[in-house]
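Asker: What follows is the file data.tsv, containing TSV, C-alpha atoms and all ligand atoms:
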```
chain	number	residue	atom	x	y	z
A	6	MET	CA	2.43	-9.66	-19.94
A	7	THR	CA	1.29	-12.26	-17.46
A	8	ALA	CA	3.72	-15.17	-17.08
A	9	ARG	CA	2.25	-18.55	-17.99
A	10	GLY	CA	3.46	-22.11	-17.46
A	11	ASP	CA	3.89	-24.85	-20.11
A	12	ASP	CA	0.21	-25.75	-19.75
A	13	GLY	CA	-0.80	-22.14	-20.53
A	14	LYS	CA	-2.11	-21.50	-17.01
A	15	ARG	CA	-1.24	-18.30	-15.19
A	16	LEU	CA	1.75	-18.84	-12.89
A	17	SER	CA	1.61	-17.82	-9.28
A	18	PRO	CA	3.66	-14.65	-8.69
A	19	GLU	CA	6.17	-16.77	-6.77
A	20	ASP	CA	6.67	-19.22	-9.66
A	21	ALA	CA	6.73	-16.37	-12.17
A	22	ARG	CA	9.52	-14.73	-10.19
A	23	ARG	CA	11.51	-17.98	-10.18
A	24	GLN	CA	11.17	-18.32	-13.94
A	25	ARG	CA	12.07	-14.78	-14.93
A	26	PRO	CA	14.88	-14.45	-17.48
A	27	ASP	CA	16.61	-12.03	-15.11
A	28	GLY	CA	16.48	-14.74	-12.41
A	29	PRO	CA	15.23	-14.70	-8.84
A	30	GLU	CA	18.58	-13.55	-7.47
A	31	GLN	CA	18.34	-10.02	-8.86
A	32	PRO	CA	18.15	-7.29	-6.21
A	33	CYS	CA	14.73	-5.93	-5.32
A	34	GLU	CA	13.66	-2.84	-7.25
A	35	MET	CA	11.64	-1.58	-4.33
A	36	ILE	CA	11.39	-2.16	-0.60
A	37	VAL	CA	8.30	-1.54	1.47
A	38	VAL	CA	8.86	-0.78	5.14
A	39	GLY	CA	5.59	-1.16	6.99
A	40	SER	CA	2.75	-2.91	8.70
A	41	VAL	CA	1.33	-6.39	8.30
A	42	ASN	CA	-2.16	-6.86	9.71
A	43	ALA	CA	-4.94	-9.40	9.71
A	44	ASP	CA	-8.14	-7.58	8.67
A	45	LEU	CA	-11.03	-9.03	10.70
A	46	VAL	CA	-14.19	-7.97	8.91
A	47	VAL	CA	-17.81	-8.18	10.10
A	48	ARG	CA	-20.76	-6.71	8.23
A	49	VAL	CA	-23.51	-5.08	10.30
A	50	ASP	CA	-26.88	-3.53	9.51
A	51	ARG	CA	-26.00	-0.71	11.83
A	52	ARG	CA	-23.18	0.03	14.25
A	53	PRO	CA	-23.72	-0.45	18.00
A	54	ARG	CA	-24.08	2.62	20.19
A	55	PRO	CA	-21.91	2.70	23.36
A	56	GLY	CA	-23.08	-0.10	25.68
A	57	GLU	CA	-25.15	-1.78	22.94
A	58	THR	CA	-24.67	-5.18	21.25
A	59	VAL	CA	-25.66	-5.89	17.65
A	60	ILE	CA	-25.43	-9.17	15.72
A	61	GLY	CA	-23.19	-9.11	12.66
A	62	SER	CA	-22.28	-11.43	9.79
A	63	ASP	CA	-19.76	-14.27	9.99
A	64	LEU	CA	-16.24	-13.01	10.57
A	65	VAL	CA	-13.98	-12.99	7.49
A	66	THR	CA	-10.21	-12.63	7.88
A	67	TYR	CA	-8.34	-10.96	5.03
A	68	PRO	CA	-4.61	-10.27	4.70
A	69	GLY	CA	-3.99	-6.54	5.17
A	70	GLY	CA	-1.81	-3.84	6.70
A	71	LYS	CA	-0.64	-0.85	4.67
A	72	GLY	CA	2.89	-2.14	4.17
A	73	ALA	CA	1.83	-5.63	3.14
A	74	ASN	CA	-0.87	-4.21	0.87
A	75	GLN	CA	1.61	-2.04	-1.03
A	76	ALA	CA	4.06	-4.92	-1.38
A	77	VAL	CA	1.38	-7.30	-2.70
A	78	ALA	CA	0.03	-4.69	-5.13
A	79	ALA	CA	3.50	-4.28	-6.63
A	80	ALA	CA	4.34	-8.00	-6.61
A	81	ARG	CA	1.15	-8.89	-8.50
A	82	LEU	CA	2.12	-6.43	-11.21
A	83	GLY	CA	5.53	-8.08	-11.56
A	84	ALA	CA	7.76	-6.18	-9.11
A	85	ARG	CA	10.72	-7.64	-7.29
A	86	VAL	CA	9.73	-6.26	-3.90
A	87	ALA	CA	10.81	-6.98	-0.32
A	88	LEU	CA	8.84	-6.19	2.82
A	89	LEU	CA	10.61	-5.06	5.98
A	90	GLY	CA	8.18	-5.71	8.83
A	91	ARG	CA	7.14	-7.90	11.73
A	92	VAL	CA	4.49	-10.51	12.33
A	93	GLY	CA	3.73	-12.15	15.67
A	94	SER	CA	4.15	-15.74	16.78
A	95	ASP	CA	0.47	-16.60	16.34
A	96	GLY	CA	-1.92	-18.02	13.77
A	97	ASN	CA	-2.46	-14.64	12.11
A	98	GLY	CA	1.30	-14.28	11.63
A	99	GLU	CA	1.49	-17.65	9.90
A	100	PHE	CA	-1.56	-16.84	7.75
A	101	LEU	CA	-0.10	-13.50	6.63
A	102	ARG	CA	3.38	-14.86	5.93
A	103	LYS	CA	1.85	-17.57	3.75
A	104	ALA	CA	-0.28	-15.05	1.85
A	105	LEU	CA	2.71	-12.78	1.19
A	106	ALA	CA	4.89	-15.67	0.07
A	107	GLY	CA	2.13	-16.84	-2.27
A	108	ASP	CA	2.21	-13.41	-3.91
A	109	GLY	CA	5.98	-13.59	-4.41
A	110	VAL	CA	6.99	-10.89	-1.91
A	111	ASP	CA	10.59	-11.26	-0.67
A	112	LEU	CA	10.22	-12.04	3.05
A	113	SER	CA	13.91	-12.24	3.98
A	114	HIS	CA	13.38	-9.18	6.24
A	115	LEU	CA	9.96	-10.08	7.66
A	116	ALA	CA	10.73	-11.01	11.27
A	117	GLU	CA	8.63	-13.24	13.48
A	118	THR	CA	8.43	-11.68	16.93
A	119	PRO	CA	6.95	-13.09	20.15
A	120	GLY	CA	3.62	-11.30	20.67
A	121	PRO	CA	0.41	-10.64	18.77
A	122	THR	CA	0.34	-9.93	15.03
A	123	GLY	CA	-1.23	-6.59	14.10
A	124	VAL	CA	-4.98	-6.69	13.64
A	125	ALA	CA	-7.50	-4.33	12.06
A	126	LEU	CA	-11.04	-4.70	13.43
A	127	ILE	CA	-13.28	-3.61	10.58
A	128	THR	CA	-17.05	-3.21	10.63
A	129	VAL	CA	-18.73	-2.62	7.31
A	130	GLY	CA	-22.13	-0.95	7.52
A	131	ALA	CA	-25.11	-1.48	5.22
A	132	ASP	CA	-24.03	1.57	3.24
A	133	GLY	CA	-20.62	-0.06	2.56
A	134	ASP	CA	-18.61	2.36	4.67
A	135	ASN	CA	-15.93	1.11	7.06
A	136	SER	CA	-15.12	1.79	10.71
A	137	ILE	CA	-11.67	0.51	11.59
A	138	ILE	CA	-9.71	0.01	14.81
A	139	VAL	CA	-6.07	-0.98	14.32
A	140	SER	CA	-4.29	-2.88	17.09
A	141	PRO	CA	-0.64	-2.63	16.01
A	142	GLY	CA	0.68	-5.68	17.90
A	143	VAL	CA	4.28	-6.35	16.94
A	144	ASN	CA	4.17	-3.75	14.13
A	145	ALA	CA	4.87	-1.33	16.99
A	146	LEU	CA	8.20	-3.10	17.57
A	147	LEU	CA	9.58	-2.47	14.08
A	148	SER	CA	12.66	-0.53	15.07
A	149	GLU	CA	15.55	1.59	13.88
A	150	ASP	CA	17.72	-1.49	14.54
A	151	ASP	CA	15.62	-3.42	12.00
A	152	VAL	CA	16.31	-0.65	9.50
A	153	ALA	CA	20.03	-0.74	10.30
A	154	ALA	CA	20.08	-4.54	9.84
A	155	ALA	CA	18.51	-4.08	6.39
A	156	ALA	CA	20.73	-1.14	5.39
A	157	ASP	CA	22.27	-2.91	2.38
A	158	LEU	CA	18.88	-4.00	1.09
A	159	LEU	CA	17.42	-0.51	1.53
A	160	ALA	CA	20.38	1.17	-0.14
A	161	SER	CA	20.29	-1.18	-3.14
A	162	ALA	CA	16.64	-0.48	-4.02
A	163	ARG	CA	15.64	2.34	-6.33
A	164	VAL	CA	12.59	3.19	-4.24
A	165	VAL	CA	11.65	2.68	-0.59
A	166	SER	CA	7.94	2.96	0.12
A	167	LEU	CA	6.81	4.06	3.57
A	168	GLN	CA	3.57	4.67	5.48
A	169	LEU	CA	2.71	5.47	9.10
A	170	GLU	CA	1.36	2.24	10.59
A	171	SER	CA	4.95	1.75	11.84
A	172	PRO	CA	6.75	3.83	14.50
A	173	LEU	CA	7.71	7.29	13.22
A	174	ALA	CA	11.37	6.92	14.28
A	175	THR	CA	11.61	3.75	12.17
A	176	VAL	CA	10.08	5.48	9.17
A	177	VAL	CA	12.49	8.42	9.55
A	178	ALA	CA	15.47	6.04	9.76
A	179	ALA	CA	14.35	4.14	6.66
A	180	ALA	CA	13.89	7.39	4.74
A	181	ARG	CA	17.49	8.37	5.54
A	182	THR	CA	18.89	5.25	3.87
A	183	ALA	CA	16.72	5.36	0.75
A	184	ALA	CA	17.73	6.45	-2.74
A	185	ARG	CA	14.16	7.63	-3.32
A	186	VAL	CA	11.30	7.82	-0.82
A	187	VAL	CA	7.63	7.33	-1.62
A	188	PHE	CA	5.75	8.25	1.55
A	189	ASN	CA	2.05	7.71	2.11
A	190	LEU	CA	1.34	9.93	5.11
A	191	SER	CA	-1.40	7.68	6.44
A	192	PRO	CA	-2.72	7.54	9.08
A	193	PRO	CA	-2.10	11.31	9.13
A	194	ALA	CA	0.23	12.71	11.79
A	195	VAL	CA	2.68	15.52	12.32
A	196	VAL	CA	6.03	14.45	10.86
A	197	PRO	CA	9.46	16.12	10.95
A	198	ASP	CA	10.37	18.54	8.17
A	199	ASP	CA	13.43	16.52	7.21
A	200	LEU	CA	11.20	13.51	6.47
A	201	LEU	CA	8.88	15.62	4.33
A	202	ALA	CA	11.87	17.10	2.52
A	203	VAL	CA	12.94	13.74	1.06
A	204	CYS	CA	9.48	12.59	-0.10
A	205	ASP	CA	9.38	12.16	-3.85
A	206	PRO	CA	6.42	11.99	-3.80
A	207	LEU	CA	4.37	12.57	-0.65
A	208	VAL	CA	1.13	10.64	-1.27
A	209	VAL	CA	-2.09	11.57	0.54
A	210	ASN	CA	-5.82	11.26	-0.05
A	211	GLU	CA	-8.31	14.11	0.25
A	212	HIS	CA	-9.07	13.50	3.95
A	213	GLU	CA	-5.40	13.40	4.84
A	214	ALA	CA	-4.76	16.54	2.81
A	215	ALA	CA	-7.56	18.37	4.63
A	216	LEU	CA	-6.07	17.38	8.00
A	217	LEU	CA	-2.57	18.42	6.97
A	218	LEU	CA	-3.57	21.73	5.43
A	219	GLY	CA	-6.47	22.64	7.68
A	220	GLU	CA	-7.98	24.45	4.72
A	221	HIS	CA	-9.99	23.68	1.66
A	222	GLY	CA	-9.63	24.65	-1.95
A	223	THR	CA	-9.60	22.92	-5.29
A	224	PRO	CA	-7.54	19.71	-5.49
A	225	CYS	CA	-4.94	21.57	-7.59
A	226	GLN	CA	-4.70	24.27	-4.92
A	227	GLN	CA	-4.39	21.61	-2.24
A	228	ALA	CA	-1.62	19.82	-4.12
A	229	THR	CA	0.23	23.11	-4.51
A	230	ALA	CA	-0.19	23.84	-0.79
A	231	LEU	CA	1.10	20.37	0.07
A	232	LEU	CA	4.15	20.97	-2.12
A	233	ALA	CA	4.80	24.14	-0.14
A	234	LEU	CA	5.17	21.99	3.00
A	235	GLY	CA	8.51	20.84	1.60
A	236	PRO	CA	8.33	17.51	-0.27
A	237	ARG	CA	10.04	17.21	-3.66
A	238	SER	CA	6.74	16.20	-5.21
A	239	VAL	CA	3.14	15.45	-4.25
A	240	VAL	CA	0.42	13.06	-5.36
A	241	LEU	CA	-3.06	13.81	-4.04
A	242	THR	CA	-5.49	10.93	-4.65
A	243	LEU	CA	-9.13	11.77	-5.28
A	244	GLY	CA	-11.01	8.47	-5.24
A	245	ALA	CA	-13.16	8.10	-8.37
A	246	ASP	CA	-11.75	11.40	-9.65
A	247	GLY	CA	-8.19	10.04	-9.95
A	248	ALA	CA	-5.25	12.07	-8.71
A	249	VAL	CA	-3.39	15.37	-8.92
A	250	VAL	CA	0.39	15.48	-9.29
A	251	ALA	CA	2.46	18.49	-8.21
A	252	GLY	CA	6.20	18.96	-8.61
A	253	PRO	CA	8.86	21.22	-10.04
A	254	ASP	CA	7.21	20.99	-13.49
A	255	GLY	CA	3.82	22.19	-12.25
A	256	VAL	CA	0.48	20.60	-11.48
A	257	THR	CA	-1.15	17.86	-13.56
A	258	THR	CA	-4.54	16.19	-13.11
A	259	VAL	CA	-4.78	12.47	-13.86
A	260	PRO	CA	-8.34	11.09	-14.25
A	261	SER	CA	-9.20	7.58	-13.06
A	262	PRO	CA	-11.00	5.07	-15.29
A	263	SER	CA	-14.67	4.83	-14.44
A	264	VAL	CA	-15.59	1.54	-12.74
A	265	ASP	CA	-18.42	0.11	-10.63
A	266	ALA	CA	-16.98	0.43	-7.12
A	267	VAL	CA	-17.83	-2.45	-4.80
A	268	ASP	CA	-15.33	-1.94	-1.96
A	269	THR	CA	-12.72	0.81	-1.78
A	270	THR	CA	-10.73	-0.74	1.12
A	271	GLY	CA	-7.01	-0.56	0.37
A	272	ALA	CA	-7.38	1.38	-2.91
A	273	GLY	CA	-4.80	3.93	-1.77
A	274	ASP	CA	-2.33	1.17	-0.91
A	275	ALA	CA	-2.80	-0.49	-4.31
A	276	PHE	CA	-2.28	2.91	-5.93
A	277	THR	CA	0.88	3.66	-3.94
A	278	GLY	CA	2.42	0.19	-4.43
A	279	ALA	CA	1.91	0.49	-8.18
A	280	LEU	CA	3.21	4.07	-8.23
A	281	ALA	CA	6.38	3.15	-6.33
A	282	TRP	CA	7.07	0.24	-8.67
A	283	ARG	CA	6.72	2.34	-11.81
A	284	LEU	CA	8.93	5.07	-10.35
A	285	ALA	CA	11.53	2.38	-9.56
A	286	GLY	CA	11.31	1.40	-13.23
A	287	GLY	CA	12.19	4.94	-14.31
A	288	ASP	CA	8.78	6.45	-15.17
A	289	ASP	CA	8.31	10.16	-14.54
A	290	LEU	CA	5.77	10.97	-11.84
A	291	ALA	CA	2.83	11.82	-14.14
A	292	THR	CA	3.32	8.64	-16.18
A	293	ALA	CA	3.62	6.49	-13.05
A	294	THR	CA	0.46	8.13	-11.66
A	295	ALA	CA	-1.45	7.45	-14.87
A	296	PHE	CA	-0.61	3.77	-14.38
A	297	ALA	CA	-1.37	3.80	-10.64
A	298	VAL	CA	-4.91	5.22	-11.07
A	299	ARG	CA	-5.73	2.20	-13.25
A	300	VAL	CA	-4.47	-0.14	-10.52
A	301	GLY	CA	-6.44	1.77	-7.85
A	302	ALA	CA	-9.58	1.63	-10.00
A	303	ALA	CA	-9.17	-2.10	-10.65
A	304	SER	CA	-8.86	-2.71	-6.90
A	305	VAL	CA	-12.28	-1.23	-6.04
A	306	ARG	CA	-14.15	-3.65	-8.30
A	307	SER	CA	-14.14	-6.50	-5.75
A	308	PRO	CA	-14.15	-6.90	-1.94
A	309	GLY	CA	-11.18	-6.73	0.44
A	310	ALA	CA	-7.80	-5.07	0.09
A	311	GLN	CA	-5.16	-7.51	-1.22
A	312	SER	CA	-7.84	-9.91	-2.39
A	313	SER	CA	-8.98	-7.25	-4.89
A	314	TYR	CA	-5.57	-6.29	-6.27
A	315	PRO	CA	-5.08	-6.75	-10.01
A	316	TYR	CA	-2.55	-8.63	-12.11
A	317	GLN	CA	-1.26	-7.00	-15.29
A	318	GLU	CA	-3.86	-8.79	-17.41
A	319	ASP	CA	-6.68	-7.37	-15.25
A	320	LEU	CA	-5.65	-3.89	-16.37
A	321	GLU	CA	-6.10	-4.58	-20.07
A	322	THR	CA	-9.72	-3.39	-20.12
A	323	LEU	CA	-9.07	-0.23	-18.10
A	401	LIG	P1	-7.66	5.95	-0.17
A	401	LIG	O1	-7.95	4.51	-0.43
A	401	LIG	O2	-6.35	6.19	0.49
A	401	LIG	O3	-8.79	6.69	0.49
A	401	LIG	P2	-8.51	7.07	-2.75
A	401	LIG	O4	-9.91	6.80	-2.33
A	401	LIG	O5	-8.17	8.43	-3.20
A	401	LIG	O6	-7.46	6.65	-1.60
A	401	LIG	O7	-8.17	6.01	-3.91
A	401	LIG	C1	-6.90	5.81	-4.44
A	401	LIG	C2	-6.99	5.59	-5.93
A	401	LIG	O8	-7.84	4.46	-6.19
A	401	LIG	C3	-7.61	6.75	-6.69
A	401	LIG	O9	-6.64	7.68	-7.08
A	401	LIG	C4	-8.25	6.06	-7.89
A	401	LIG	O10	-7.27	5.79	-8.87
A	401	LIG	C5	-8.67	4.72	-7.33
A	401	LIG	N1	-10.09	4.76	-6.90
A	401	LIG	C6	-10.55	4.83	-5.63
A	401	LIG	N2	-11.92	4.84	-5.62
A	401	LIG	C7	-12.30	4.76	-6.92
A	401	LIG	C8	-13.57	4.72	-7.59
A	401	LIG	N3	-14.73	4.77	-6.91
A	401	LIG	N4	-13.57	4.64	-8.94
A	401	LIG	C9	-12.42	4.58	-9.65
A	401	LIG	N5	-11.20	4.62	-9.07
A	401	LIG	C10	-11.13	4.71	-7.73
```
Show this structure as structure tokens.
Ligand code: ADP
Answerer:
Amino acid sequence: MTARGDDGKRLSPEDARRQRPDGPEQPCEMIVVGSVNADLVVRVDRRPRPGETVIGSDLVTYPGGKGANQAVAAARLGARVALLGRVGSDGNGEFLRKALAGDGVDLSHLAETPGPTGVALITVGADGDNSIIVSPGVNALLSEDDVAAAADLLASARVVSLQLESPLATVVAAARTAARVVFNLSPPAVVPDDLLAVCDPLVVNEHEAALLLGEHGTPCQQATALLALGPRSVVLTLGADGAVVAGPDGVTTVPSPSVDAVDTTGAGDAFTGALAWRLAGGDDLATATAFAVRVGAASVRSPGAQSSYPYQEDLETL
């Protein structure tokens, strides 16, 4: 249920966290280790060819970054979640820190580092599709030392959620300290077998699966092939078609609710943040996935990544 104040109004996630019966001092259920970016979005009628200039819409800056997106998705649903990451010493860093704090994310391990905050340059074409360039900025400085400094925090959480907009060595180090690893292998890259071996689950979308497998088949066949790469379990997301789960108990398809999609940016991050939170709460993988597809579907109904992420009450009609 959504927490409400004495006047009946919905509380901000930060205030709701303060007022919980279990208190704000409880350890985090989940930790996200990952990127924090400012998404700079311009809409264009068509993309410029090399050497060409086109006029676009006004620039809109949204809070983004895969790590921050996952943390916000979980926090809005009610999670006690901390983000291990870095922002720069610039206006974007201040903007992003404020946005995360407003959503109730624990920022005790979000460092401010001299240098530029990560930025994603996003052009949205008339057809609604995105082209994105990520400039990592100080996300590239998130280090194994940062992981070591947060070792107690990481070890106390039930789930640590990871993606690949941070240096691979940092992700590998974080995975080593975690009780349970949820790993979204995005952007796709070759990763060591011992990282894959601790994923429970490995989460990828169809494009990432195709790159990893270099072959095509039905989604169930792809999920089975991904499982053969070594993770303990797999979740393959399928956009409007939901997801497929593969693990020791077999393969299960999980349909997504049908919605009018406006903007799919960050749907996978919303899905993964929700999934990690429910796994931290003790759900089995298929049950957690059935919840996460609703969160992913809710997130495509409005523009932006974090700006579109649902609260519990937004899921009631899905
Ligand atoms: P990514 O954002 O990484 O490309 P997907 O497109 O597979 O990942 O989306 C992740 C999840 O978000 C899906 O499993 C589904 O639950 C939900 N979702 C995405 N697009 C839609 C859509 N058009 N309609 C309903 N749900 C969607």
Asker: I'd like the neighbourhood of range 160-164 of chain A as a list in words, where a residue qualifies if any of its atoms comes within 8 Å (using only C-alpha atoms), though same-chain residues fewer than 4 positions away should be ignored.
Answerer: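 In the requested form, the answer reads Pro32, Cys33, Glu34, Met35, Ile36, Ala156, Thr182, Ala183, Ala184, Arg185, Val186, Val187, Ala281, Trp282, Leu284 and Ala285 of chain A.
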Asker: 8 Å from ligand LIG 401 (chain A) is the threshold here; counting only C-alpha atoms and all ligand atoms, which polymer residues fall inside it? Answer as a ChimeraX atom specification.
Answerer: /A:191,209-212,241-248,260-266,269-276,297-305
Asker: Which of these, A:Gly96, A:Gly120, A:Gly39, A:Gly72, has the shortest distance to Gly278 in chain A once you count only C-alpha atoms?
Answerer: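 Closest candidate: A:Gly72.
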Asker: Near Gly69 in chain A, within 6 Å and counting all atoms listed in the file, which residues show up once chain neighbours fewer than 3 positions away are dropped, as a ChimeraX atom specification?
Answerer: /A:42-44,74
Asker: Just want the 12 Å neighbourhood of Glu220 in chain A, counted on only C-alpha atoms, with same-chain residues fewer than 6 positions away dropped. Output as a ChimeraX atom specification.
Answerer: /A:211-214,226-228,230-231
Asker: Please produce an output containing C-alpha atoms for each residue in the selection, written as a tab-separated table (two decimals), in the coordinates of the input.
Answerer:
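Final file, part_18.tsv:
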```
chain	number	residue	atom	x	y	z
A	211	GLU	CA	-8.31	14.11	0.25
A	212	HIS	CA	-9.07	13.50	3.95
A	213	GLU	CA	-5.40	13.40	4.84
A	214	ALA	CA	-4.76	16.54	2.81
A	226	GLN	CA	-4.70	24.27	-4.92
A	227	GLN	CA	-4.39	21.61	-2.24
A	228	ALA	CA	-1.62	19.82	-4.12
A	230	ALA	CA	-0.19	23.84	-0.79
A	231	LEU	CA	1.10	20.37	0.07
```
Asker: Give me, please, the distance in Å between CA of Val49 in chain A and CA of Pro193 in chain A, quoted to one decimal.
Answerer: 27.0 Å
Asker: Can you take range 281-289 of chain A from the block and write all heavy atoms as a PDB file, in the first residue's frame?
Answerer:
```pdb
ATOM      1  N   ALA A 281      14.816  -7.449  -8.616  1.00  0.00           N
ATOM      2  CA  ALA A 281      15.810  -7.605  -7.543  1.00  0.00           C
ATOM      3  C   ALA A 281      15.166  -7.399  -6.181  1.00  0.00           C
ATOM      4  O   ALA A 281      15.451  -8.130  -5.215  1.00  0.00           O
ATOM      5  CB  ALA A 281      16.947  -6.602  -7.754  1.00  0.00           C
ATOM      6  N   TRP A 282      14.275  -6.418  -6.095  1.00  0.00           N
ATOM      7  CA  TRP A 282      13.627  -6.134  -4.815  1.00  0.00           C
ATOM      8  C   TRP A 282      12.757  -7.309  -4.370  1.00  0.00           C
ATOM      9  O   TRP A 282      12.785  -7.730  -3.220  1.00  0.00           O
ATOM     10  CB  TRP A 282      12.789  -4.854  -4.927  1.00  0.00           C
ATOM     11  CG  TRP A 282      12.020  -4.577  -3.684  1.00  0.00           C
ATOM     12  CD1 TRP A 282      12.530  -4.448  -2.422  1.00  0.00           C
ATOM     13  CD2 TRP A 282      10.609  -4.426  -3.578  1.00  0.00           C
ATOM     14  NE1 TRP A 282      11.503  -4.216  -1.534  1.00  0.00           N
ATOM     15  CE2 TRP A 282      10.319  -4.193  -2.216  1.00  0.00           C
ATOM     16  CE3 TRP A 282       9.554  -4.444  -4.497  1.00  0.00           C
ATOM     17  CZ2 TRP A 282       9.014  -3.991  -1.750  1.00  0.00           C
ATOM     18  CZ3 TRP A 282       8.270  -4.231  -4.040  1.00  0.00           C
ATOM     19  CH2 TRP A 282       8.010  -4.020  -2.679  1.00  0.00           C
ATOM     20  N   ARG A 283      12.000  -7.870  -5.313  1.00  0.00           N
ATOM     21  CA  ARG A 283      11.122  -8.981  -4.918  1.00  0.00           C
ATOM     22  C   ARG A 283      11.930 -10.231  -4.575  1.00  0.00           C
ATOM     23  O   ARG A 283      11.550 -11.008  -3.704  1.00  0.00           O
ATOM     24  CB  ARG A 283      10.103  -9.270  -6.030  1.00  0.00           C
ATOM     25  CG  ARG A 283       9.084  -8.169  -6.167  1.00  0.00           C
ATOM     26  CD  ARG A 283       8.235  -7.975  -4.916  1.00  0.00           C
ATOM     27  NE  ARG A 283       7.308  -9.052  -4.745  1.00  0.00           N
ATOM     28  CZ  ARG A 283       5.973  -8.925  -4.778  1.00  0.00           C
ATOM     29  NH1 ARG A 283       5.426  -7.744  -4.959  1.00  0.00           N
ATOM     30  NH2 ARG A 283       5.209  -9.976  -4.620  1.00  0.00           N
ATOM     31  N   LEU A 284      13.048 -10.431  -5.261  1.00  0.00           N
ATOM     32  CA  LEU A 284      13.908 -11.569  -4.898  1.00  0.00           C
ATOM     33  C   LEU A 284      14.487 -11.355  -3.499  1.00  0.00           C
ATOM     34  O   LEU A 284      14.576 -12.296  -2.702  1.00  0.00           O
ATOM     35  CB  LEU A 284      15.032 -11.729  -5.924  1.00  0.00           C
ATOM     36  CG  LEU A 284      14.597 -12.189  -7.313  1.00  0.00           C
ATOM     37  CD1 LEU A 284      15.774 -12.143  -8.279  1.00  0.00           C
ATOM     38  CD2 LEU A 284      13.990 -13.599  -7.261  1.00  0.00           C
ATOM     39  N   ALA A 285      14.850 -10.100  -3.184  1.00  0.00           N
ATOM     40  CA  ALA A 285      15.372  -9.795  -1.844  1.00  0.00           C
ATOM     41  C   ALA A 285      14.312 -10.081  -0.784  1.00  0.00           C
ATOM     42  O   ALA A 285      14.636 -10.448   0.349  1.00  0.00           O
ATOM     43  CB  ALA A 285      15.817  -8.337  -1.770  1.00  0.00           C
ATOM     44  N   GLY A 286      13.041  -9.925  -1.176  1.00  0.00           N
ATOM     45  CA  GLY A 286      11.942 -10.186  -0.246  1.00  0.00           C
ATOM     46  C   GLY A 286      11.586 -11.656  -0.128  1.00  0.00           C
ATOM     47  O   GLY A 286      10.694 -12.016   0.641  1.00  0.00           O
ATOM     48  N   GLY A 287      12.245 -12.506  -0.911  1.00  0.00           N
ATOM     49  CA  GLY A 287      12.038 -13.953  -0.760  1.00  0.00           C
ATOM     50  C   GLY A 287      11.183 -14.605  -1.826  1.00  0.00           C
ATOM     51  O   GLY A 287      10.933 -15.812  -1.763  1.00  0.00           O
ATOM     52  N   ASP A 288      10.711 -13.833  -2.821  1.00  0.00           N
ATOM     53  CA  ASP A 288       9.931 -14.453  -3.905  1.00  0.00           C
ATOM     54  C   ASP A 288      10.790 -15.438  -4.690  1.00  0.00           C
ATOM     55  O   ASP A 288      12.000 -15.235  -4.836  1.00  0.00           O
ATOM     56  CB  ASP A 288       9.477 -13.390  -4.913  1.00  0.00           C
ATOM     57  CG  ASP A 288       8.215 -12.673  -4.475  1.00  0.00           C
ATOM     58  OD1 ASP A 288       7.710 -12.970  -3.379  1.00  0.00           O
ATOM     59  OD2 ASP A 288       7.759 -11.795  -5.243  1.00  0.00           O
ATOM     60  N   ASP A 289      10.147 -16.480  -5.242  1.00  0.00           N
ATOM     61  CA  ASP A 289      10.881 -17.305  -6.207  1.00  0.00           C
ATOM     62  C   ASP A 289      10.961 -16.531  -7.522  1.00  0.00           C
ATOM     63  O   ASP A 289      10.270 -15.519  -7.704  1.00  0.00           O
ATOM     64  CB  ASP A 289      10.219 -18.677  -6.383  1.00  0.00           C
ATOM     65  CG  ASP A 289       8.828 -18.544  -6.974  1.00  0.00           C
ATOM     66  OD1 ASP A 289       8.711 -18.050  -8.112  1.00  0.00           O
ATOM     67  OD2 ASP A 289       7.848 -18.900  -6.286  1.00  0.00           O
TER      68      ASP A 289
END
```
